[in-house]
Amino acid sequence: MRYRVLGGTGIEVSAYCLGTMMFGAIGNPDHDDCARIIHTALDQGINFVDTADMYSAGESEEIVGKALQSRGNRDDVVLATKVHFPMGEGRNRGGNSRRWIVQEVEESLRRLRTDRIDLYQVHRPDHRTDIEETLGVLGDLVRAGKIRAFGCSTFPAEQLVEAHHVAEKRGLPRFRTEQPPYSLLARGIERDVLPVVRRLGMGALTWSPLASGFLTGRYRKGRPIDLGTGRAALHPARFDPALSGTTAKLDAVEGLTAIAEDLGRTLPELALAFPLAHPAVTSVIIGPRTAEQLAAALKGADLVLDDAVLDRIDAVVPPGTNVYHPDGVWQPPALTDPALRRRPVTDRAAGDPVAEEAAAG
């Protein structure tokens, strides 16, 4: 396993990061089986484990905590988790406020059975909270020894720049990493996020390299898709073959499968190798649900994509383009809140009705 320095922190992490979103009720509810997957990953040289408080409502963190405690090698593992999404019912139980982060970091530490988190990440932007507030509390947690470094996940490029500017202006610690979605079918971040990450000296930990399952080889053009099992059951609209978006993904999969077959490799192996070819990417998050899925991912760790292969990929999915929208759980408020993109009705016309009435009178 190759190791890379994480966003200027001096912390070395493996090129594969073990993602644990599928551990717990949403994926694999067998805690012992999940622990074996974690231990196998560590035995194979992966030293980077990523989870989040909201994965299976905290169950994923609990699984990771037990697995690392039973192994007894916490100091050899770079442990990452996240905060932002609501945890339980009631107000002020989510977001990026000082109040919530101070409260929730203690819950994550308890579930993870540790006294520190190596990388604490803000899971999504929060337009209700000043970024200065968020950076300030994260800096306080670093000084308190509860976290070692902090980053963000799925932040637009402009918000990365804003956070960096505020940190510089206010003398606050800055985000060291960004965790964006990136795959053969979702290359939009090549336009802005990844260039900004490089310019700011941040690390990038990319998620969903298998494009929510479309790059596993399980879904092919002309074959029926069972909307009642796996990822398709969780998000049937993303897999419905009657939708044009699904057709576009399946068309791209055909072209990419041909490239993988010409290399004598599987489509998932091609998909996992692709993000690592980008100079801004530090580590690719693999999220196995089973031991077999982990073994399949590790099998492709030796694959190197040369320029000729990358040129062929560019011809199927052009650089900087998304075949689908990779983040299904967050949209900018400027799009979701009509009041932020619509002037008052009385102020929408090009002409001035008051002036026109005065002139007519």
# chains A, B, ... in the order shown; residues from 1 in each chain; ligands from 1

call {"tool": "residues_around", "arguments": {"residues": "range 277-288 of chain A", "least_positions_apart": "3", "cutoff": "6 Å", "atoms": "only C-alpha atoms", "output": "MDAnalysis selection string"}}
result
chainID A and resid 15:20 194 198 203:207 274 293:294

call {"tool": "residues_around", "arguments": {"residues": "range 266-270 of chain A", "least_positions_apart": "5", "cutoff": "7 Å", "atoms": "only C-alpha atoms", "output": "list in words"}}
result
Leu210, Leu215, Thr216, Gly217, Thr257, Ala260, Glu261, Ala297 and Gly300 of chain A

call {"tool": "write_last_selection", "arguments": {"atoms": "N, CA, C and O atoms", "output": "mmCIF file, in the first residue's frame"}}
result
data_model
loop_
_atom_site.group_PDB
_atom_site.id
_atom_site.type_symbol
_atom_site.label_atom_id
_atom_site.label_comp_id
_atom_site.auth_asym_id
_atom_site.auth_seq_id
_atom_site.Cartn_x
_atom_site.Cartn_y
_atom_site.Cartn_z
ATOM 1 N N LEU A 210 -17.308 4.062 -6.879
ATOM 2 C CA LEU A 210 -18.102 3.130 -7.685
ATOM 3 C C LEU A 210 -19.443 3.723 -8.079
ATOM 4 O O LEU A 210 -20.337 3.011 -8.563
ATOM 5 N N LEU A 215 -20.663 1.383 -11.057
ATOM 6 C CA LEU A 215 -19.379 0.950 -11.583
ATOM 7 C C LEU A 215 -18.933 -0.384 -10.980
ATOM 8 O O LEU A 215 -17.759 -0.733 -11.044
ATOM 9 N N THR A 216 -19.876 -1.104 -10.404
ATOM 10 C CA THR A 216 -19.557 -2.441 -9.893
ATOM 11 C C THR A 216 -19.619 -3.492 -10.991
ATOM 12 O O THR A 216 -19.148 -4.618 -10.806
ATOM 13 N N GLY A 217 -20.236 -3.157 -12.132
ATOM 14 C CA GLY A 217 -20.458 -4.133 -13.191
ATOM 15 C C GLY A 217 -21.779 -4.864 -13.053
ATOM 16 O O GLY A 217 -22.148 -5.671 -13.909
ATOM 17 N N THR A 257 -16.527 -0.273 -19.457
ATOM 18 C CA THR A 257 -16.319 -1.719 -19.323
ATOM 19 C C THR A 257 -15.399 -2.234 -20.418
ATOM 20 O O THR A 257 -14.528 -3.092 -20.178
ATOM 21 N N ALA A 260 -11.854 -1.485 -19.429
ATOM 22 C CA ALA A 260 -11.389 -2.394 -18.378
ATOM 23 C C ALA A 260 -11.069 -3.768 -18.964
ATOM 24 O O ALA A 260 -10.037 -4.375 -18.632
ATOM 25 N N GLU A 261 -11.937 -4.255 -19.829
ATOM 26 C CA GLU A 261 -11.718 -5.581 -20.416
ATOM 27 C C GLU A 261 -10.462 -5.619 -21.274
ATOM 28 O O GLU A 261 -9.725 -6.613 -21.284
ATOM 29 N N ALA A 297 -11.666 -5.029 -3.934
ATOM 30 C CA ALA A 297 -11.061 -3.695 -4.012
ATOM 31 C C ALA A 297 -9.543 -3.775 -3.882
ATOM 32 O O ALA A 297 -8.796 -3.133 -4.636
ATOM 33 N N GLY A 300 -7.270 -4.789 -6.943
ATOM 34 C CA GLY A 300 -6.911 -3.836 -7.983
ATOM 35 C C GLY A 300 -5.932 -2.766 -7.546
ATOM 36 O O GLY A 300 -5.676 -1.811 -8.296
#

call {"tool": "select_by_dssp", "arguments": {"residues": "range 208-355 of chain A", "states": "strand (DSSP E)", "output": "count of residues only"}}
result
4

call {"tool": "atom_distance", "arguments": {"atom1": "CA of Leu160 in chain A", "atom2": "CA of Val323 in chain A"}}
result
23.8 Å

call {"tool": "residues_around", "arguments": {"residues": "Ser70 in chain A", "least_positions_apart": "6", "cutoff": "10 Å", "atoms": "only C-alpha atoms", "output": "list in words"}}
result
Ala35, His39 and Val64 of chain A

call {"tool": "write_last_selection", "arguments": {"atoms": "N, CA and C atoms", "output": "PDB file, in the first residue's frame"}}
result
ATOM      1  N   ALA A  35     -16.036  -6.002  12.067  1.00  0.00           N
ATOM      2  CA  ALA A  35     -14.737  -5.925  12.743  1.00  0.00           C
ATOM      3  C   ALA A  35     -13.689  -6.719  11.977  1.00  0.00           C
ATOM      4  N   HIS A  39     -10.190  -5.346  10.467  1.00  0.00           N
ATOM      5  CA  HIS A  39      -8.904  -5.958  10.797  1.00  0.00           C
ATOM      6  C   HIS A  39      -8.172  -6.423   9.538  1.00  0.00           C
ATOM      7  N   VAL A  64     -16.693   0.665  14.617  1.00  0.00           N
ATOM      8  CA  VAL A  64     -15.277   1.012  14.429  1.00  0.00           C
ATOM      9  C   VAL A  64     -14.562   1.080  15.779  1.00  0.00           C
TER      10      VAL A  64
END

call {"tool": "closest_residue", "arguments": {"among": "A:Thr336, A:Ser183, A:Thr246, A:Ser14", "to": "Thr321 in chain A", "atoms": "only C-alpha atoms"}}
result
A:Ser183

call {"tool": "residues_around", "arguments": {"residues": "Ala80 in chain A", "least_positions_apart": "3", "cutoff": "7 Å", "atoms": "only C-alpha atoms", "output": "list in words"}}
result
Val49, Asp50, Thr51, Ile117, Asp118, Leu119 and Tyr120 of chain A

call {"tool": "closest_residue", "arguments": {"among": "A:His165, A:Leu227, A:Leu79, A:Ala157", "to": "Pro195 in chain A", "atoms": "only C-alpha atoms"}}
result
A:Ala157

call {"tool": "select_by_dssp", "arguments": {"residues": "range 259-328 of chain A", "states": "alpha helix (DSSP H)", "output": "ChimeraX atom specification"}}
result
/A:259-263,267-276,291-299,307-316

call {"tool": "atom_distance", "arguments": {"atom1": "CA of Arg187 in chain A", "atom2": "CA of Pro86 in chain A"}}
result
28.6 Å

call {"tool": "atom_distance", "arguments": {"atom1": "CA of Gly245 in chain A", "atom2": "CA of Gly320 in chain A"}}
result
17.3 Å

call {"tool": "residues_around", "arguments": {"residues": "Ala167 in chain A", "least_positions_apart": "6", "cutoff": "9 Å", "atoms": "only C-alpha atoms", "output": "list of chain:residue names"}}
result
A:Ile131, A:Glu132, A:Leu135, A:Gly136, A:Pro173, A:Arg174, A:Phe175

call {"tool": "residues_around", "arguments": {"residues": "Ala67 in chain A", "least_positions_apart": "5", "cutoff": "9 Å", "atoms": "only C-alpha atoms", "output": "list of chain:residue names"}}
result
A:His31, A:Asp32, A:Cys34, A:Ala35, A:Arg36, A:Ile38, A:His39, A:Glu62, A:Gly72

call {"tool": "residues_around", "arguments": {"residues": "Arg124 in chain A", "least_positions_apart": "6", "cutoff": "10 Å", "atoms": "only C-alpha atoms", "output": "PyMOL selection string"}}
result
chain A and resi 82-85+95-96+152-156+179+329-331

call {"tool": "closest_residue", "arguments": {"among": "A:Leu263, A:Ala350, A:Ala248, A:Leu298", "to": "Asp43 in chain A", "atoms": "only C-alpha atoms"}}
result
A:Leu298

call {"tool": "closest_residue", "arguments": {"among": "A:Pro319, A:Asp306, A:Lys299, A:Arg218", "to": "Gln44 in chain A", "atoms": "only C-alpha atoms"}}
result
A:Lys299
